[in-house]
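Student: Got upload_13.pdb for you, PDB, C-alpha atoms and all ligand atoms:
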```pdb
ATOM      1  CA  MET O   1     -97.201  23.331 -18.261
ATOM      2  CA  GLY O   2     -96.896  23.410 -14.469
ATOM      3  CA  ASN O   3     -93.652  23.891 -12.634
ATOM      4  CA  GLU O   4     -90.917  22.887 -15.063
ATOM      5  CA  THR O   5     -88.188  23.006 -12.431
ATOM      6  CA  GLN O   6     -89.761  19.925 -10.830
ATOM      7  CA  PRO O   7     -88.786  16.491 -12.173
ATOM      8  CA  HIS O   8     -91.085  14.968 -14.771
ATOM      9  CA  ILE O   9     -90.308  11.495 -13.438
ATOM     10  CA  LEU O  10     -89.550  11.028  -9.770
ATOM     11  CA  CYS O  11     -89.072   7.624  -8.159
ATOM     12  CA  GLU O  12     -87.977   7.526  -4.542
ATOM     13  CA  ASP O  13     -87.174   4.201  -2.898
ATOM     14  CA  VAL O  14     -89.676   2.383  -5.105
ATOM     15  CA  VAL O  15     -90.200  -1.215  -4.029
ATOM     16  CA  ARG O  16     -92.348  -3.727  -5.906
ATOM     17  CA  ILE O  17     -92.787  -7.155  -4.418
ATOM     18  CA  PHE O  18     -94.673  -9.912  -6.250
ATOM     19  CA  LYS O  19     -96.058 -12.613  -3.975
ATOM     20  CA  GLY O  20     -96.847 -16.036  -5.367
ATOM     21  CA  GLU O  21     -97.428 -19.456  -3.848
ATOM     22  CA  GLY O  22     -94.816 -19.423  -1.115
ATOM     23  CA  ILE O  23     -92.388 -17.267  -3.104
ATOM     24  CA  GLU O  24     -91.736 -13.590  -3.057
ATOM     25  CA  VAL O  25     -89.944 -11.723  -5.847
ATOM     26  CA  GLN O  26     -88.546  -8.267  -5.156
ATOM     27  CA  ALA O  27     -88.642  -6.863  -8.691
ATOM     28  CA  LEU O  28     -87.759  -3.321  -7.554
ATOM     29  CA  GLN O  29     -85.635  -2.968  -4.451
ATOM     30  CA  GLY O  30     -85.634   0.729  -3.569
ATOM     31  CA  LEU O  31     -85.243   2.276  -6.996
ATOM     32  CA  ASN O  32     -84.438   5.979  -7.261
ATOM     33  CA  LEU O  33     -84.724   7.855 -10.536
ATOM     34  CA  THR O  34     -85.149  11.511 -11.411
ATOM     35  CA  VAL O  35     -85.788  12.693 -14.963
ATOM     36  CA  MET O  36     -86.054  16.437 -15.540
ATOM     37  CA  PRO O  37     -88.416  18.078 -18.079
ATOM     38  CA  GLY O  38     -87.165  17.696 -21.644
ATOM     39  CA  GLU O  39     -84.642  14.943 -20.861
ATOM     40  CA  MET O  40     -84.434  11.850 -23.061
ATOM     41  CA  THR O  41     -83.251   8.921 -21.014
ATOM     42  CA  ALA O  42     -82.760   5.222 -21.664
ATOM     43  CA  VAL O  43     -83.114   2.687 -18.854
ATOM     44  CA  VAL O  44     -81.169  -0.431 -19.788
ATOM     45  CA  GLY O  45     -80.651  -3.689 -17.944
ATOM     46  CA  ALA O  46     -80.510  -7.436 -18.278
ATOM     47  CA  SER O  47     -83.619  -9.584 -18.439
ATOM     48  CA  GLY O  48     -85.299  -9.699 -15.039
ATOM     49  CA  SER O  49     -83.611  -6.537 -13.737
ATOM     50  CA  GLY O  50     -86.973  -4.806 -13.220
ATOM     51  CA  LYS O  51     -87.315  -2.576 -16.303
ATOM     52  CA  SER O  52     -90.845  -3.621 -17.284
ATOM     53  CA  THR O  53     -91.968  -3.461 -13.673
ATOM     54  CA  LEU O  54     -90.751   0.144 -13.524
ATOM     55  CA  LEU O  55     -92.511   1.071 -16.766
ATOM     56  CA  THR O  56     -95.739  -0.607 -15.714
ATOM     57  CA  ILE O  57     -95.713   1.501 -12.545
ATOM     58  CA  LEU O  58     -94.926   4.721 -14.439
ATOM     59  CA  SER O  59     -97.722   3.990 -16.886
ATOM     60  CA  GLY O  60    -100.215   3.745 -14.022
ATOM     61  CA  LEU O  61    -101.042   0.088 -14.708
ATOM     62  CA  ASP O  62     -99.461  -1.137 -11.469
ATOM     63  CA  ARG O  63     -98.669   0.363  -8.051
ATOM     64  CA  PRO O  64     -95.456   0.167  -6.023
ATOM     65  CA  SER O  65     -95.514  -1.887  -2.812
ATOM     66  CA  ALA O  66     -93.694   1.036  -1.169
ATOM     67  CA  GLY O  67     -92.009   4.289  -2.102
ATOM     68  CA  LYS O  68     -92.954   7.333  -4.110
ATOM     69  CA  ALA O  69     -93.623   7.525  -7.863
ATOM     70  CA  GLN O  70     -94.636  10.744  -9.582
ATOM     71  CA  VAL O  71     -94.909  11.682 -13.258
ATOM     72  CA  ALA O  72     -95.366  15.344 -14.240
ATOM     73  CA  GLY O  73     -96.481  16.070 -10.687
ATOM     74  CA  VAL O  74     -99.082  13.265 -10.672
ATOM     75  CA  ASP O  75     -98.728  10.975  -7.664
ATOM     76  CA  LEU O  76     -99.177   7.470  -9.053
ATOM     77  CA  LEU O  77     -99.968   5.888  -5.694
ATOM     78  CA  GLY O  78    -103.162   7.741  -4.991
ATOM     79  CA  LEU O  79    -104.893   7.761  -8.387
ATOM     80  CA  SER O  80    -108.594   7.033  -8.589
ATOM     81  CA  ARG O  81    -109.815   5.094 -11.635
ATOM     82  CA  LYS O  82    -111.001   8.274 -13.323
ATOM     83  CA  GLU O  83    -107.768  10.122 -12.593
ATOM     84  CA  ARG O  84    -105.779   7.195 -13.919
ATOM     85  CA  SER O  85    -107.538   7.109 -17.275
ATOM     86  CA  ARG O  86    -107.115  10.872 -17.588
ATOM     87  CA  TYR O  87    -103.422  10.497 -16.714
ATOM     88  CA  GLN O  88    -103.013   7.801 -19.380
ATOM     89  CA  ARG O  89    -104.894   9.837 -21.974
ATOM     90  CA  GLU O  90    -103.369  13.268 -21.412
ATOM     91  CA  THR O  91    -100.247  13.281 -19.261
ATOM     92  CA  VAL O  92     -98.294  10.380 -20.764
ATOM     93  CA  GLY O  93     -97.982   8.814 -24.204
ATOM     94  CA  PHE O  94     -96.975   5.184 -24.689
ATOM     95  CA  ILE O  95     -95.059   3.197 -27.244
ATOM     96  CA  TRP O  96     -95.053  -0.547 -26.659
ATOM     97  CA  GLN O  97     -92.829  -3.186 -28.225
ATOM     98  CA  GLN O  98     -95.726  -5.027 -29.875
ATOM     99  CA  THR O  99     -97.101  -2.909 -32.715
ATOM    100  CA  PRO O 100    -100.680  -4.298 -32.395
ATOM    101  CA  ARG O 101    -100.743  -2.770 -28.931
ATOM    102  CA  ASN O 102     -99.957   0.668 -30.423
ATOM    103  CA  LEU O 103    -102.140   0.816 -33.540
ATOM    104  CA  LEU O 104    -105.615  -0.362 -34.462
ATOM    105  CA  PRO O 105    -105.267  -2.634 -37.505
ATOM    106  CA  TYR O 106    -108.423  -1.473 -39.309
ATOM    107  CA  LEU O 107    -107.551   2.246 -39.154
ATOM    108  CA  THR O 108    -105.092   4.167 -41.340
ATOM    109  CA  ALA O 109    -102.075   5.911 -39.822
ATOM    110  CA  ALA O 110    -103.910   9.258 -39.911
ATOM    111  CA  GLU O 111    -107.010   7.750 -38.260
ATOM    112  CA  ASN O 112    -104.884   6.109 -35.572
ATOM    113  CA  VAL O 113    -103.261   9.465 -34.751
ATOM    114  CA  ALA O 114    -106.634  11.254 -34.772
ATOM    115  CA  LEU O 115    -108.369   8.738 -32.477
ATOM    116  CA  PRO O 116    -107.002   9.878 -29.073
ATOM    117  CA  MET O 117    -107.805  13.476 -30.040
ATOM    118  CA  ALA O 118    -111.411  12.517 -30.835
ATOM    119  CA  ILE O 119    -111.714  11.311 -27.242
ATOM    120  CA  THR O 120    -110.340  14.591 -25.840
ATOM    121  CA  ARG O 121    -112.266  16.588 -28.508
ATOM    122  CA  ARG O 122    -109.292  18.591 -29.754
ATOM    123  CA  LYS O 123    -110.293  21.090 -32.391
ATOM    124  CA  ASP O 124    -106.914  21.183 -34.120
ATOM    125  CA  ALA O 125    -106.864  17.417 -34.745
ATOM    126  CA  ASP O 126    -106.503  17.584 -38.544
ATOM    127  CA  THR O 127    -103.497  19.887 -38.536
ATOM    128  CA  ARG O 128    -101.925  17.941 -35.672
ATOM    129  CA  VAL O 129    -102.282  14.645 -37.529
ATOM    130  CA  ALA O 130    -100.394  16.047 -40.514
ATOM    131  CA  SER O 131     -97.670  17.740 -38.488
ATOM    132  CA  LEU O 132     -97.083  14.762 -36.165
ATOM    133  CA  LEU O 133     -96.834  12.276 -39.051
ATOM    134  CA  GLU O 134     -94.406  14.688 -40.725
ATOM    135  CA  LEU O 135     -92.330  15.079 -37.549
ATOM    136  CA  ALA O 136     -92.161  11.286 -37.099
ATOM    137  CA  GLY O 137     -91.015  10.961 -40.737
ATOM    138  CA  VAL O 138     -94.068   8.939 -41.854
ATOM    139  CA  ALA O 139     -96.189  11.483 -43.752
ATOM    140  CA  HIS O 140     -96.090   9.065 -46.726
ATOM    141  CA  CYS O 141     -97.930   6.426 -44.616
ATOM    142  CA  ARG O 142    -100.897   8.702 -43.882
ATOM    143  CA  ASN O 143    -103.473   6.578 -45.723
ATOM    144  CA  ARG O 144    -101.942   3.168 -45.034
ATOM    145  CA  LYS O 145    -103.159   0.625 -42.527
ATOM    146  CA  PRO O 146    -100.606  -1.005 -40.209
ATOM    147  CA  GLN O 147    -100.219  -4.154 -42.345
ATOM    148  CA  GLU O 148     -99.233  -1.918 -45.282
ATOM    149  CA  MET O 149     -96.314  -0.443 -43.363
ATOM    150  CA  SER O 150     -92.899  -1.772 -42.279
ATOM    151  CA  GLY O 151     -92.261  -2.455 -38.577
ATOM    152  CA  GLY O 152     -90.206   0.750 -38.299
ATOM    153  CA  GLU O 153     -92.916   2.824 -39.966
ATOM    154  CA  GLN O 154     -95.515   1.370 -37.606
ATOM    155  CA  GLN O 155     -93.414   2.351 -34.598
ATOM    156  CA  ARG O 156     -92.961   5.879 -35.943
ATOM    157  CA  VAL O 157     -96.725   6.157 -36.458
ATOM    158  CA  ALA O 158     -97.059   4.856 -32.869
ATOM    159  CA  LEU O 159     -94.834   7.762 -31.815
ATOM    160  CA  ALA O 160     -97.199  10.201 -33.571
ATOM    161  CA  VAL O 161    -100.170   8.539 -31.819
ATOM    162  CA  ALA O 162     -98.390   8.807 -28.460
ATOM    163  CA  LEU O 163     -97.864  12.546 -29.055
ATOM    164  CA  SER O 164    -101.398  13.315 -30.217
ATOM    165  CA  ASN O 165    -102.720  14.747 -26.948
ATOM    166  CA  GLU O 166     -99.480  16.677 -26.226
ATOM    167  CA  PRO O 167     -98.324  14.504 -23.317
ATOM    168  CA  LYS O 168     -95.624  15.800 -21.011
ATOM    169  CA  VAL O 169     -93.890  12.437 -20.955
ATOM    170  CA  ILE O 170     -93.415   9.635 -23.507
ATOM    171  CA  LEU O 171     -92.863   6.164 -22.036
ATOM    172  CA  ALA O 172     -91.492   3.577 -24.445
ATOM    173  CA  ASP O 173     -91.121  -0.117 -23.606
ATOM    174  CA  GLU O 174     -88.602  -1.804 -25.930
ATOM    175  CA  PRO O 175     -89.838   0.317 -28.880
ATOM    176  CA  THR O 176     -87.185  -1.227 -31.140
ATOM    177  CA  GLY O 177     -87.361  -4.760 -29.723
ATOM    178  CA  GLU O 178     -88.740  -6.317 -32.892
ATOM    179  CA  LEU O 179     -86.703  -4.262 -35.385
ATOM    180  CA  ASP O 180     -83.333  -4.745 -37.084
ATOM    181  CA  GLU O 181     -80.485  -2.383 -36.256
ATOM    182  CA  HIS O 182     -80.976  -0.010 -39.206
ATOM    183  CA  THR O 183     -84.746   0.322 -38.661
ATOM    184  CA  SER O 184     -84.222   0.722 -34.900
ATOM    185  CA  ALA O 185     -81.876   3.619 -35.595
ATOM    186  CA  GLU O 186     -84.576   5.312 -37.711
ATOM    187  CA  VAL O 187     -87.157   4.978 -34.944
ATOM    188  CA  LEU O 188     -84.751   6.247 -32.280
ATOM    189  CA  GLU O 189     -83.756   9.122 -34.545
ATOM    190  CA  ALA O 190     -87.447  10.087 -34.880
ATOM    191  CA  MET O 191     -87.798   9.948 -31.090
ATOM    192  CA  ARG O 192     -84.737  12.142 -30.691
ATOM    193  CA  ARG O 193     -86.099  14.669 -33.209
ATOM    194  CA  VAL O 194     -89.423  14.828 -31.348
ATOM    195  CA  ASN O 195     -87.609  15.265 -28.059
ATOM    196  CA  GLU O 196     -85.530  18.120 -29.483
ATOM    197  CA  GLU O 197     -88.332  19.887 -31.352
ATOM    198  CA  LEU O 198     -91.213  19.468 -28.906
ATOM    199  CA  GLY O 199     -89.187  19.075 -25.705
ATOM    200  CA  THR O 200     -91.275  16.077 -24.623
ATOM    201  CA  THR O 201     -89.618  14.207 -21.757
ATOM    202  CA  THR O 202     -88.840  10.689 -22.989
ATOM    203  CA  LEU O 203     -88.045   7.485 -21.128
ATOM    204  CA  ILE O 204     -87.084   4.401 -23.118
ATOM    205  CA  VAL O 205     -86.835   1.088 -21.317
ATOM    206  CA  THR O 206     -84.809  -1.514 -23.187
ATOM    207  CA  HIS O 207     -82.365  -4.392 -22.970
ATOM    208  CA  ASP O 208     -80.742  -3.173 -26.211
ATOM    209  CA  PRO O 209     -77.453  -1.434 -25.327
ATOM    210  CA  THR O 210     -77.255   0.267 -28.772
ATOM    211  CA  VAL O 211     -80.168   2.517 -27.743
ATOM    212  CA  SER O 212     -77.650   4.327 -25.523
ATOM    213  CA  GLU O 213     -75.942   5.735 -28.609
ATOM    214  CA  HIS O 214     -79.058   7.763 -29.405
ATOM    215  CA  VAL O 215     -79.626   9.387 -26.016
ATOM    216  CA  LYS O 216     -77.610  11.689 -23.792
ATOM    217  CA  ARG O 217     -78.351   9.760 -20.613
ATOM    218  CA  THR O 218     -78.459   6.030 -19.978
ATOM    219  CA  VAL O 219     -79.369   4.623 -16.580
ATOM    220  CA  GLN O 220     -78.349   1.046 -15.889
ATOM    221  CA  ILE O 221     -80.757  -0.918 -13.735
ATOM    222  CA  ARG O 222     -79.433  -3.927 -11.838
ATOM    223  CA  ASP O 223     -81.336  -6.067  -9.354
ATOM    224  CA  GLY O 224     -84.223  -3.619  -9.176
ATOM    225  CA  ARG O 225     -82.068  -0.552  -8.547
ATOM    226  CA  CYS O 226     -80.342   2.090 -10.653
ATOM    227  CA  SER O 227     -76.643   1.245 -10.416
ATOM    228  CA  THR O 228     -74.729   3.341 -12.965
ATOM    229  CA  GLU O 229     -75.411   6.180 -15.367
ATOM    230  CA  THR O 230     -73.689   7.139 -18.595
ATOM    231  CA  LEU O 231     -73.852  10.729 -19.790
ATOM    232  CA  ARG O 232     -72.933  11.620 -23.374
ATOM    233  CA  ARG O 233     -71.978  15.055 -24.609
ATOM    234  CA  THR O 234     -70.114  16.480 -27.556
ATOM    235  CA  GLY O 235     -66.675  17.916 -26.921
ATOM    236  CA  LEU O 236     -63.837  19.299 -29.021
ATOM    237  CA  ASN O 237     -60.582  17.410 -29.561
ATOM    238  CA  ASN O 238     -57.151  19.041 -29.963
ATOM    239  CA  ASP O 239     -57.833  19.687 -33.669
ATOM    240  CA  GLY O 240     -61.087  21.477 -32.823
ATOM    241  CA  ASP O 241     -63.221  18.628 -34.221
ATOM    242  CA  GLU O 242     -66.429  17.661 -32.439
ATOM    243  CA  HIS O 243     -66.539  14.188 -30.922
ATOM    244  CA  LEU O 244     -68.741  12.311 -28.487
ATOM    245  CA  ILE O 245     -67.619  11.975 -24.880
ATOM    246  CA  ALA O 246     -69.295   9.282 -22.764
ATOM    247  CA  GLU O 247     -68.692   9.267 -19.019
ATOM    248  CA  GLU O 248     -69.908   6.569 -16.656
ATOM    249  CA  PHE O 249     -70.995   7.455 -13.112
ATOM    250  CA  ALA O 250     -72.092   5.340 -10.162
ATOM    251  CA  VAL O 251     -75.512   6.324  -8.835
ATOM    252  CA  ILE O 252     -75.599   7.456  -5.218
ATOM    253  CA  ASP O 253     -78.973   7.774  -3.494
ATOM    254  CA  ARG O 254     -80.244  10.286  -0.950
ATOM    255  CA  VAL O 255     -78.874   8.339   2.010
ATOM    256  CA  GLY O 256     -75.493   7.654   0.425
ATOM    257  CA  ARG O 257     -75.964   4.107  -0.862
ATOM    258  CA  LEU O 258     -74.132   3.146  -4.030
ATOM    259  CA  GLN O 259     -73.423  -0.095  -5.845
ATOM    260  CA  LEU O 260     -69.820  -0.982  -6.689
ATOM    261  CA  PRO O 261     -69.386  -2.550 -10.129
ATOM    262  CA  GLN O 262     -69.146  -6.340  -9.913
ATOM    263  CA  GLU O 263     -65.818  -6.390 -11.756
ATOM    264  CA  PHE O 264     -64.240  -3.953  -9.246
ATOM    265  CA  MET O 265     -65.360  -6.153  -6.355
ATOM    266  CA  GLU O 266     -64.062  -9.314  -7.996
ATOM    267  CA  SER O 267     -60.778  -7.763  -9.029
ATOM    268  CA  LEU O 268     -59.957  -6.642  -5.438
ATOM    269  CA  ASP O 269     -61.718  -9.609  -3.798
ATOM    270  CA  MET O 270     -64.103  -7.284  -1.940
ATOM    271  CA  LYS O 271     -66.835  -9.024  -0.027
ATOM    272  CA  ASP O 272     -68.824  -8.617   3.201
ATOM    273  CA  ARG O 273     -67.079  -5.428   4.326
ATOM    274  CA  VAL O 274     -64.739  -2.706   3.087
ATOM    275  CA  ARG O 275     -62.906   0.183   4.707
ATOM    276  CA  LEU O 276     -63.904   3.714   3.788
ATOM    277  CA  GLY O 277     -61.552   6.673   4.037
ATOM    278  CA  LEU O 278     -62.456  10.322   3.521
ATOM    279  CA  GLU O 279     -59.776  12.065   1.462
ATOM    280  CA  PRO O 280     -59.758  15.806   0.664
ATOM    281  CA  ASP O 281     -61.432  15.237  -2.739
ATOM    282  CA  HIS O 282     -62.558  11.605  -2.811
ATOM    283  CA  VAL O 283     -63.657   8.652  -0.724
ATOM    284  CA  ARG O 284     -61.302   5.665  -0.603
ATOM    285  CA  VAL O 285     -62.756   2.140  -0.553
ATOM    286  CA  THR O 286     -60.275  -0.509   0.550
ATOM    287  CA  PRO O 287     -60.835  -4.267   0.829
ATOM    288  CA  ALA O 288     -60.684  -5.710   4.323
ATOM    289  CA  SER O 289     -59.854  -9.335   5.058
ATOM    290  CA  ALA O 290     -62.376 -11.568   6.849
ATOM    291  CA  ASP O 291     -61.033 -10.660  10.329
ATOM    292  CA  GLY O 292     -61.319  -6.979   9.565
ATOM    293  CA  SER O 293     -57.616  -6.278   9.019
ATOM    294  CA  PRO O 294     -56.670  -4.624   5.747
ATOM    295  CA  ALA O 295     -56.171  -7.081   2.880
ATOM    296  CA  SER O 296     -52.571  -7.620   1.788
ATOM    297  CA  GLY O 297     -51.331  -4.689  -0.226
ATOM    298  CA  ALA O 298     -53.981  -2.327   1.172
ATOM    299  CA  SER O 299     -52.679   0.601   3.160
ATOM    300  CA  GLU O 300     -53.984   1.346   6.677
ATOM    301  CA  GLU O 301     -55.687   4.690   7.153
ATOM    302  CA  THR O 302     -53.335   7.239   8.722
ATOM    303  CA  ARG O 303     -54.817   9.348  11.457
TER     304      ARG O 303
HETATM  305  N1  LIG E   1     -96.477 -10.426 -12.143
HETATM  306  C1  LIG E   1     -95.355 -10.958 -11.650
HETATM  307  N2  LIG E   1     -95.396 -11.946 -10.741
HETATM  308  C2  LIG E   1     -94.276 -12.480 -10.211
HETATM  309  N3  LIG E   1     -93.024 -12.077 -10.546
HETATM  310  C3  LIG E   1     -92.908 -11.109 -11.462
HETATM  311  C4  LIG E   1     -94.053 -10.497 -12.075
HETATM  312  N4  LIG E   1     -93.619  -9.547 -12.951
HETATM  313  C5  LIG E   1     -92.276  -9.570 -12.891
HETATM  314  N5  LIG E   1     -91.830 -10.506 -12.005
HETATM  315  C6  LIG E   1     -90.433 -10.790 -11.634
HETATM  316  O1  LIG E   1     -89.812  -9.560 -11.290
HETATM  317  C7  LIG E   1     -88.478  -9.499 -11.791
HETATM  318  C8  LIG E   1     -88.334  -8.303 -12.706
HETATM  319  O2  LIG E   1     -89.120  -8.513 -13.873
HETATM  320  P1  LIG E   1     -89.249  -7.459 -15.063
HETATM  321  O3  LIG E   1     -90.207  -8.019 -16.053
HETATM  322  O4  LIG E   1     -89.536  -6.115 -14.521
HETATM  323  O5  LIG E   1     -87.771  -7.472 -15.665
HETATM  324  P2  LIG E   1     -87.236  -6.903 -17.034
HETATM  325  O6  LIG E   1     -85.948  -6.223 -16.725
HETATM  326  O7  LIG E   1     -88.284  -6.082 -17.702
HETATM  327  O8  LIG E   1     -86.988  -8.213 -17.880
HETATM  328  P3  LIG E   1     -87.192  -8.477 -19.461
HETATM  329  O9  LIG E   1     -86.153  -7.646 -20.162
HETATM  330  O10 LIG E   1     -86.962  -9.943 -19.601
HETATM  331  O11 LIG E   1     -88.598  -8.063 -19.783
HETATM  332  C9  LIG E   1     -88.229 -10.823 -12.486
HETATM  333  O12 LIG E   1     -87.592 -11.685 -11.563
HETATM  334  C10 LIG E   1     -89.625 -11.317 -12.811
HETATM  335  O13 LIG E   1     -89.656 -12.731 -12.867
END
```
Represent the structure from my file as structure tokens, please.

Tutor:
Amino acid sequence: MGNETQPHILCEDVVRIFKGEGIEVQALQGLNLTVMPGEMTAVVGASGSGKSTLLTILSGLDRPSAGKAQVAGVDLLGLSRKERSRYQRETVGFIWQQTPRNLLPYLTAAENVALPMAITRRKDADTRVASLLELAGVAHCRNRKPQEMSGGEQQRVALAVALSNEPKVILADEPTGELDEHTSAEVLEAMRRVNEELGTTTLIVTHDPTVSEHVKRTVQIRDGRCSTETLRRTGLNNDGDEHLIAEEFAVIDRVGRLQLPQEFMESLDMKDRVRLGLEPDHVRVTPASADGSPASGASEETR
């Protein structure tokens, strides 16, 4: 399994620039992301924020213009063609939004799950097919072809397919994008169960904010960078009952850059420059007026 104290997903200052006729789009603008082994993380963001670009890079289908991207110790910048197909077959498993991309229409669920193992010549394929379909909650679909299954069942079979060669990391691109809320919840629940039982590191990229309710960690991507993170954990209230606690954090990178929430900036009319003050246990950020003097109501730093 390699060194499990190393991140399973590591992006450092990842930049992806698309150049067209006279225009240049910076889809990723120095993105930093670390996902440790066994974590299940959702990356959420508005349309155009760079989510698909990130997933395409992590899946080995595209390369960053600059920066470092590693998955399970594999450096995605320097992959040869052969190494890339091995990476895609054995190191990562994929679930795409469009079910035809996940499953072959003329094969049954069991045959779809067995197919990647035929390529890697696994000897335990039969028992794995049964146990993975069971784990994904679709054992009853074993002999059905995709068109004989609901959208949610197809995505859960896709999860079993993605797991067939025991990947270290599952990458899912909008896996619930074409499903209603109830069916989405079933698919996400299956993903959570797999993550808990097999410990497979899971990254879900989505614009659907309800996905956050099913994972412990949600990273918000804005303008091609990770801006905030929400961590969820269970805690006890005064009556001793368990309840969910969600805490939002700003992301700070290795050189100290962080993004202030838009609403904070608007509320205090912060633009162009701010004053920073180091306090014993926090850093103070104070708006400055255009000429550099403190904005009205803001206190001057005492020396
Ligand atoms: N091949 C490409 N050529 C030019 N620009 C691109 C290309 N792919 C993505 N972009 C641009 O990069 C930015 C990020 O796109 P990306 O698809 O990663 O966003 P997204 O968050 O996945 O959006 P959505 O949720 O709509 O899929 C957008 O401005 C997009 O127009």

Student: Using all atoms listed in the file, determine which residues lie at most 8 Å from Val44 of chain O, disregarding the query and same-chain residues fewer than 2 positions distant; provide the list as a list in words.

Tutor: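 Once the adjacent positions are removed, what remains is Ala42, Ala46, Lys51, Val205, Thr206, His207, Asp208, Pro209, Thr218, Val219, Gln220 and Ile221 of chain O.
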
Student: Taking all atoms listed in the file into account, which residues are within 12 Å of ligand LIG 1 (chain E), as a PyMOL selection string?

Tutor: chain O and resi 15-29+43-57+61-63+97+173-174+177+204-209+220-226

Student: Tell me, as an MDAnalysis selection string, which residues lie within 8 Å of Ser184 of chain O, counting only C-alpha atoms; anything in the same chain fewer than 5 positions away does not count.

Tutor: chainID O and resid 152 176 179

Student: Restricting the calculation to all atoms listed in the file, which member of O:Gln155, O:Ser80, O:Asn112, O:Ser164 is positioned closest to Arg128 of chain O?

Tutor: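 Smallest distance to Arg128 of chain O is found for O:Ser164.
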
Student: Of the candidates O:Asp281, O:Glu213, O:Asp253, O:Asp239, which one gets nearest to Asp13 of chain O if we count all atoms listed in the file?

Tutor: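 The answer is O:Asp253, which sits nearest to Asp13 of chain O.
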
Student: Considering only C-alpha atoms, can you say which of O:Asp241, O:Glu39, O:Glu178, O:Glu12 comes closest to Gln70 of chain O?

Tutor: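 Residue with the minimum atom-to-atom distance to Gln70 of chain O: O:Glu12.
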
Student: Which of these, O:Lys168, O:Pro261, O:Met191, O:Arg142, has the shortest distance to Tyr87 of chain O once you count only C-alpha atoms?

Tutor: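 Closest to Tyr87 of chain O, using only C-alpha atoms: O:Lys168.
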
Student: Tell me which protein, DNA and RNA residues are within 12 Å of Arg89 of chain O, counting all atoms listed in the file, leaving out same-chain ones fewer than 5 positions away, and put them as a ChimeraX atom specification.

Tutor: /O:59-60,82-84,94,115-121,161-170

Student: Given the file shown, determine the residues that the PyMOL selection byres (((chain O and resi 105) around 7) and not hetatm) selects; report them as JSON, numbers by chain.

Tutor: {"O": [103, 104, 106, 107, 145, 146]}

Student: What would the selection look like, as a PyMOL selection string, if the PyMOL selection byres (((chain O and resi 139) around 12) and not hetatm) were run on the coordinates I just shared?

Tutor: chain O and resi 108-110+113+128-138+140-144+149+153-154+156-157+160

Student: Give me, please, the distance in Å between atom CA of Thr127 of chain O and atom CA of Ala114 of chain O, quoted to one decimal.

Tutor: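 Atom CA of Thr127 of chain O sits 9.9 Å away from atom CA of Ala114 of chain O.
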
Student: Hey, what's within 6 Å of Ile9 of chain O if we count all atoms listed in the file and toss same-chain stuff fewer than 6 positions away? As a VMD selection string, please?

Tutor: chain O and resid 34 to 35 70 to 71

Student: Nearest to Thr230 of chain O: which of O:Glu242, O:Phe249, O:Asp75, O:Ala185 is it, counting all atoms listed in the file?

Tutor: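 The answer is O:Phe249, which sits nearest to Thr230 of chain O.
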
Student: Skipping near chain neighbours, those fewer than 2 positions away, what residues fall within 9 Å of segment 262-271 of chain O using all atoms listed in the file, listed as a list in words?

Tutor: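 My reading of the contact set: Gln259, Leu260, Arg273, Val274, Thr286, Pro287, Ala288, Ser289 and Ala290 of chain O.
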
Student: Quote the spacing between atom CA of Ala66 of chain O and atom CA of Leu10 of chain O in Å to one decimal place.

Tutor: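 Atom CA of Leu10 of chain O lies 13.8 Å from atom CA of Ala66 of chain O.
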
Student: Around (-80.9, 7.8, -29.1) in the file's frame, which residues reach within 8 Å when counting all atoms listed in the file? Return as a ChimeraX atom specification?

Tutor: /O:185,188-189,191-192,211-216

Student: Given the selection you just returned, output its residues as a file containing C-alpha atoms, formatted as a PDB file, keeping the file's coordinate frame.

Tutor:
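To be explicit, this is the file written out as out_26.pdb:
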```pdb
ATOM      1  CA  ALA O 185     -81.876   3.619 -35.595  1.00  0.00           C
ATOM      2  CA  LEU O 188     -84.751   6.247 -32.280  1.00  0.00           C
ATOM      3  CA  GLU O 189     -83.756   9.122 -34.545  1.00  0.00           C
ATOM      4  CA  MET O 191     -87.798   9.948 -31.090  1.00  0.00           C
ATOM      5  CA  ARG O 192     -84.737  12.142 -30.691  1.00  0.00           C
ATOM      6  CA  VAL O 211     -80.168   2.517 -27.743  1.00  0.00           C
ATOM      7  CA  SER O 212     -77.650   4.327 -25.523  1.00  0.00           C
ATOM      8  CA  GLU O 213     -75.942   5.735 -28.609  1.00  0.00           C
ATOM      9  CA  HIS O 214     -79.058   7.763 -29.405  1.00  0.00           C
ATOM     10  CA  VAL O 215     -79.626   9.387 -26.016  1.00  0.00           C
ATOM     11  CA  LYS O 216     -77.610  11.689 -23.792  1.00  0.00           C
TER      12      LYS O 216
END
```

Student: Hey, can you check how far atom CA of Glu90 of chain O sits from atom CA of Met40 of chain O?

Tutor: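 Taking atom CA of Glu90 of chain O and atom CA of Met40 of chain O, their separation equals 19.1 Å.
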
Student: What are the centre and the three edge lengths of an axis-aligned box that wraps all atoms of segment 264-272 of chain O in the file, given that 4 Å is added to every side, written as JSON and rounded to one decimal in Å?

Tutor:
```
{"center_x": -64.4, "center_y": -6.8, "center_z": -3.0, "size_x": 16.9, "size_y": 13.7, "size_z": 20.4}
```

Student: Between O:Ser227, O:Val285, O:Val74, O:Pro280, single out the one closest to Arg86 of chain O, counting all atoms listed in the file.

Tutor: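 Of O:Ser227, O:Val285, O:Val74, O:Pro280, the one nearest Arg86 of chain O, counting all atoms listed in the file, is O:Val74.
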